[in-house]
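To start, the structure under review is shown below, and the notes come after it.
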Amino acid sequence: MLKEIVKKGDPILTKKCHKVTKFDKKLNNLLDDMVETLKDSGGVGLAAPQIGICRRVVVVINGEDQVIELVNPEIVETSGEQTGLEGCLSLPGEYGEVTRPMVVKVKAQNRTGEWFEVEDEGLTARCFCHELDHLDGHMFDELCDRLYTNEELDAMAEEAEGEEE
Ligand code: ZN
């Protein structure tokens, strides 16, 4: 079922989420709802608190358009560094520069409770960090000096283009 995405200002986005202990029908339904809601949103990652559920569950769409379901995820290894613009479905229309590791390895359980590891880089690595932060009540804007709107970004892009000519 398509769920409404909670926006910044809702207290659930500042809470530390609970570990999943039951790998039951309820968890399956939650994951199905999250995947449906993420695909509908056009985003690349969604954390359970963003649909009002205080559980350690994340879904991410990787560079190959595959859905990765992460239950009780933990970052186990990182390397390198990347700085780039980040946005959030809970803070629509605002973007900020965030520095994250370039490569991130995550350990998590799947919907039946089996542990697995997944490693990715670039945008998907950034997404792992961003979504896992949500599970501890943190949002990307805490890591930014300032936020930009779409209009500001467009103006900056035009300016940059002008300089190249
Ligand atoms: Zn977010």
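Labels for the structure tokens follow display order: chains A, B, ..., residues from 1 in each chain, ligands from 1.
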
>> Among segment 15-157 of chain A, which residues does DSSP mark as alpha helix (DSSP H) when it is run on the backbone? Keep the chain and numbering as in the structure and answer as an MDAnalysis selection string.
In response: chainID A and resid 25:41 122:135 150:157

Mind dumping the selected residues with N, CA and C atoms as an mmCIF file, in the first residue's frame?
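again04.cif written:
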data_model
loop_
_atom_site.group_PDB
_atom_site.id
_atom_site.type_symbol
_atom_site.label_atom_id
_atom_site.label_comp_id
_atom_site.auth_asym_id
_atom_site.auth_seq_id
_atom_site.Cartn_x
_atom_site.Cartn_y
_atom_site.Cartn_z
ATOM 1 N N LYS A 25 4.634 -11.576 9.047
ATOM 2 C CA LYS A 25 3.813 -11.003 7.983
ATOM 3 C C LYS A 25 3.806 -9.480 8.054
ATOM 4 N N LYS A 26 3.818 -8.962 9.296
ATOM 5 C CA LYS A 26 3.789 -7.518 9.491
ATOM 6 C C LYS A 26 5.029 -6.851 8.865
ATOM 7 N N LEU A 27 6.202 -7.497 9.059
ATOM 8 C CA LEU A 27 7.441 -6.972 8.475
ATOM 9 C C LEU A 27 7.373 -7.048 6.948
ATOM 10 N N ASN A 28 6.850 -8.174 6.448
ATOM 11 C CA ASN A 28 6.688 -8.321 4.998
ATOM 12 C C ASN A 28 5.819 -7.213 4.431
ATOM 13 N N ASN A 29 4.712 -6.930 5.096
ATOM 14 C CA ASN A 29 3.810 -5.866 4.642
ATOM 15 C C ASN A 29 4.505 -4.512 4.676
ATOM 16 N N LEU A 30 5.267 -4.262 5.759
ATOM 17 C CA LEU A 30 5.987 -2.992 5.885
ATOM 18 C C LEU A 30 6.961 -2.821 4.715
ATOM 19 N N LEU A 31 7.735 -3.884 4.428
ATOM 20 C CA LEU A 31 8.696 -3.810 3.332
ATOM 21 C C LEU A 31 7.999 -3.591 1.990
ATOM 22 N N ASP A 32 6.885 -4.302 1.771
ATOM 23 C CA ASP A 32 6.133 -4.122 0.515
ATOM 24 C C ASP A 32 5.642 -2.682 0.383
ATOM 25 N N ASP A 33 5.111 -2.135 1.473
ATOM 26 C CA ASP A 33 4.622 -0.747 1.455
ATOM 27 C C ASP A 33 5.763 0.225 1.179
ATOM 28 N N MET A 34 6.923 -0.037 1.801
ATOM 29 C CA MET A 34 8.066 0.862 1.627
ATOM 30 C C MET A 34 8.582 0.838 0.191
ATOM 31 N N VAL A 35 8.650 -0.353 -0.402
ATOM 32 C CA VAL A 35 9.127 -0.468 -1.788
ATOM 33 C C VAL A 35 8.160 0.260 -2.724
ATOM 34 N N GLU A 36 6.852 0.055 -2.512
ATOM 35 C CA GLU A 36 5.842 0.705 -3.353
ATOM 36 C C GLU A 36 5.931 2.234 -3.213
ATOM 37 N N THR A 37 6.063 2.692 -1.983
ATOM 38 C CA THR A 37 6.114 4.138 -1.722
ATOM 39 C C THR A 37 7.387 4.753 -2.298
ATOM 40 N N LEU A 38 8.519 4.029 -2.170
ATOM 41 C CA LEU A 38 9.789 4.544 -2.714
ATOM 42 C C LEU A 38 9.714 4.644 -4.232
ATOM 43 N N LYS A 39 9.210 3.584 -4.887
ATOM 44 C CA LYS A 39 9.136 3.595 -6.362
ATOM 45 C C LYS A 39 8.237 4.728 -6.834
ATOM 46 N N ASP A 40 7.138 4.958 -6.136
ATOM 47 C CA ASP A 40 6.191 6.017 -6.501
ATOM 48 C C ASP A 40 6.827 7.405 -6.332
ATOM 49 N N SER A 41 7.718 7.535 -5.339
ATOM 50 C CA SER A 41 8.300 8.843 -5.004
ATOM 51 C C SER A 41 9.350 9.295 -6.009
ATOM 52 N N GLY A 122 29.604 5.389 -4.602
ATOM 53 C CA GLY A 122 28.946 6.533 -5.228
ATOM 54 C C GLY A 122 27.600 6.828 -4.607
ATOM 55 N N LEU A 123 26.600 7.023 -5.474
ATOM 56 C CA LEU A 123 25.277 7.437 -5.019
ATOM 57 C C LEU A 123 24.652 6.413 -4.067
ATOM 58 N N THR A 124 24.823 5.131 -4.365
ATOM 59 C CA THR A 124 24.199 4.105 -3.507
ATOM 60 C C THR A 124 24.874 4.078 -2.136
ATOM 61 N N ALA A 125 26.187 4.282 -2.090
ATOM 62 C CA ALA A 125 26.907 4.354 -0.809
ATOM 63 C C ALA A 125 26.403 5.548 -0.005
ATOM 64 N N ARG A 126 26.226 6.676 -0.692
ATOM 65 C CA ARG A 126 25.689 7.888 -0.063
ATOM 66 C C ARG A 126 24.302 7.610 0.499
ATOM 67 N N CYS A 127 23.515 6.880 -0.281
ATOM 68 C CA CYS A 127 22.143 6.552 0.108
ATOM 69 C C CYS A 127 22.120 5.648 1.361
ATOM 70 N N PHE A 128 23.019 4.658 1.419
ATOM 71 C CA PHE A 128 23.104 3.801 2.617
ATOM 72 C C PHE A 128 23.306 4.681 3.865
ATOM 73 N N CYS A 129 24.263 5.606 3.792
ATOM 74 C CA CYS A 129 24.584 6.462 4.949
ATOM 75 C C CYS A 129 23.384 7.328 5.323
ATOM 76 N N HIS A 130 22.779 7.943 4.308
ATOM 77 C CA HIS A 130 21.636 8.843 4.525
ATOM 78 C C HIS A 130 20.470 8.102 5.191
ATOM 79 N N GLU A 131 20.136 6.919 4.660
ATOM 80 C CA GLU A 131 18.973 6.173 5.185
ATOM 81 C C GLU A 131 19.254 5.615 6.582
ATOM 82 N N LEU A 132 20.497 5.134 6.809
ATOM 83 C CA LEU A 132 20.817 4.604 8.132
ATOM 84 C C LEU A 132 20.801 5.701 9.190
ATOM 85 N N ASP A 133 21.170 6.924 8.790
ATOM 86 C CA ASP A 133 21.083 8.066 9.715
ATOM 87 C C ASP A 133 19.645 8.274 10.189
ATOM 88 N N HIS A 134 18.677 8.091 9.269
ATOM 89 C CA HIS A 134 17.261 8.243 9.637
ATOM 90 C C HIS A 134 16.885 7.307 10.798
ATOM 91 N N LEU A 135 17.484 6.116 10.835
ATOM 92 C CA LEU A 135 17.125 5.128 11.872
ATOM 93 C C LEU A 135 17.584 5.581 13.256
ATOM 94 N N ASN A 150 15.606 24.478 -5.483
ATOM 95 C CA ASN A 150 15.749 24.142 -6.904
ATOM 96 C C ASN A 150 16.137 25.365 -7.725
ATOM 97 N N GLU A 151 15.497 26.512 -7.423
ATOM 98 C CA GLU A 151 15.750 27.744 -8.181
ATOM 99 C C GLU A 151 17.202 28.180 -8.012
ATOM 100 N N GLU A 152 17.701 28.106 -6.796
ATOM 101 C CA GLU A 152 19.097 28.494 -6.542
ATOM 102 C C GLU A 152 20.062 27.576 -7.291
ATOM 103 N N LEU A 153 19.738 26.269 -7.302
ATOM 104 C CA LEU A 153 20.614 25.316 -7.989
ATOM 105 C C LEU A 153 20.600 25.569 -9.485
ATOM 106 N N ASP A 154 19.413 25.872 -10.036
ATOM 107 C CA ASP A 154 19.308 26.178 -11.469
ATOM 108 C C ASP A 154 20.148 27.401 -11.811
ATOM 109 N N ALA A 155 20.041 28.439 -10.964
ATOM 110 C CA ALA A 155 20.787 29.675 -11.205
ATOM 111 C C ALA A 155 22.287 29.402 -11.152
ATOM 112 N N MET A 156 22.710 28.559 -10.181
ATOM 113 C CA MET A 156 24.136 28.234 -10.057
ATOM 114 C C MET A 156 24.620 27.447 -11.273
ATOM 115 N N ALA A 157 23.780 26.533 -11.770
ATOM 116 C CA ALA A 157 24.151 25.714 -12.938
ATOM 117 C C ALA A 157 24.308 26.608 -14.164
#

> In chain A, what's strand (DSSP E) per DSSP? Answer as a PyMOL selection string?
Replying inline: chain A and resi 45-47+57-61+67-79+82-88+91-100+103-109+115-121+148-149

Using only C-alpha atoms and all ligand atoms, find each residue with an atom at most 7 Å away from ligand 1 and format the answer as a PDB file with C-alpha atoms, in the first residue's frame.
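The new file selection.pdb reads:
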ATOM      1  CA  LEU A  46      13.435   5.278   2.136  1.00  0.00           C
ATOM      2  CA  GLY A  87      18.157  15.706  -0.797  1.00  0.00           C
ATOM      3  CA  CYS A  88      15.472  13.915   1.189  1.00  0.00           C
ATOM      4  CA  LEU A  89      11.865  12.874   0.539  1.00  0.00           C
ATOM      5  CA  SER A  90      11.074  14.289   4.001  1.00  0.00           C
ATOM      6  CA  HIS A 130      21.636   8.843   4.525  1.00  0.00           C
ATOM      7  CA  GLU A 131      18.973   6.173   5.185  1.00  0.00           C
ATOM      8  CA  HIS A 134      17.261   8.243   9.637  1.00  0.00           C
ATOM      9  CA  MET A 139      18.736  14.005   8.784  1.00  0.00           C
ATOM     10  CA  PHE A 140      21.208  15.174   6.146  1.00  0.00           C
TER      11      PHE A 140
END

>> Report as a list of chain:residue names all protein, DNA and RNA residues lying within 6 Å of segment 5-16 of chain A, evaluated on only C-alpha atoms, omitting residues in the same chain fewer than 2 positions from it.
In response: A:Gln50, A:Ile51, A:Ser90, A:Leu91, A:Leu135, A:Asp136, A:Gly137

Convert the current residue selection to file output with C-alpha atoms, as a PDB file, in the first residue's frame.
ATOM      1  CA  GLN A  50       9.662   8.286   6.923  1.00  0.00           C
ATOM      2  CA  ILE A  51       6.341   6.461   6.686  1.00  0.00           C
ATOM      3  CA  SER A  90      11.074  14.289   4.001  1.00  0.00           C
ATOM      4  CA  LEU A  91      12.558  17.676   3.059  1.00  0.00           C
ATOM      5  CA  LEU A 135      17.125   5.128  11.872  1.00  0.00           C
ATOM      6  CA  ASP A 136      19.002   7.072  14.567  1.00  0.00           C
ATOM      7  CA  GLY A 137      16.833  10.160  14.191  1.00  0.00           C
TER       8      GLY A 137
END

> atom CA of Pro73 of chain A and atom CA of Lys107 of chain A are how many Å apart?
Replying inline: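 About the pair atom CA of Pro73 of chain A and atom CA of Lys107 of chain A: they are 5.6 Å apart.
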
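For the set A:Leu85, A:Val44, A:Ala108, A:Met102, the residue with the smallest atom-to-atom gap to Leu70 of chain A is A:Ala108, counting only C-alpha atoms.
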
> atom CA of Gln82 of chain A and atom CA of Gly96 of chain A, how far apart in Å?
Replying inline: 13.4 Å

> Which residues, written as a list in words, have at least one atom at most 9 Å from Gly84 of chain A, with only C-alpha atoms counted and residues fewer than 2 positions away on the same chain left out?
Replying inline: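 Answer for this query is Gln82, Glu86, Gly96, Glu97, Val98, Thr99 and Arg100 of chain A.
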
> Which residue out of A:Cys144, A:Val71, A:Val20, A:Val58 has the minimum interatomic distance to Trp115 of chain A when only C-alpha atoms are used?
Replying inline: A:Val71

> Looking at only C-alpha atoms, which of A:Ile68, A:Cys17, A:Val104, A:Val60 is the one that sits closest to His138 of chain A?
Replying inline: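 That would be A:Cys17, the residue with the smallest distance to His138 of chain A.
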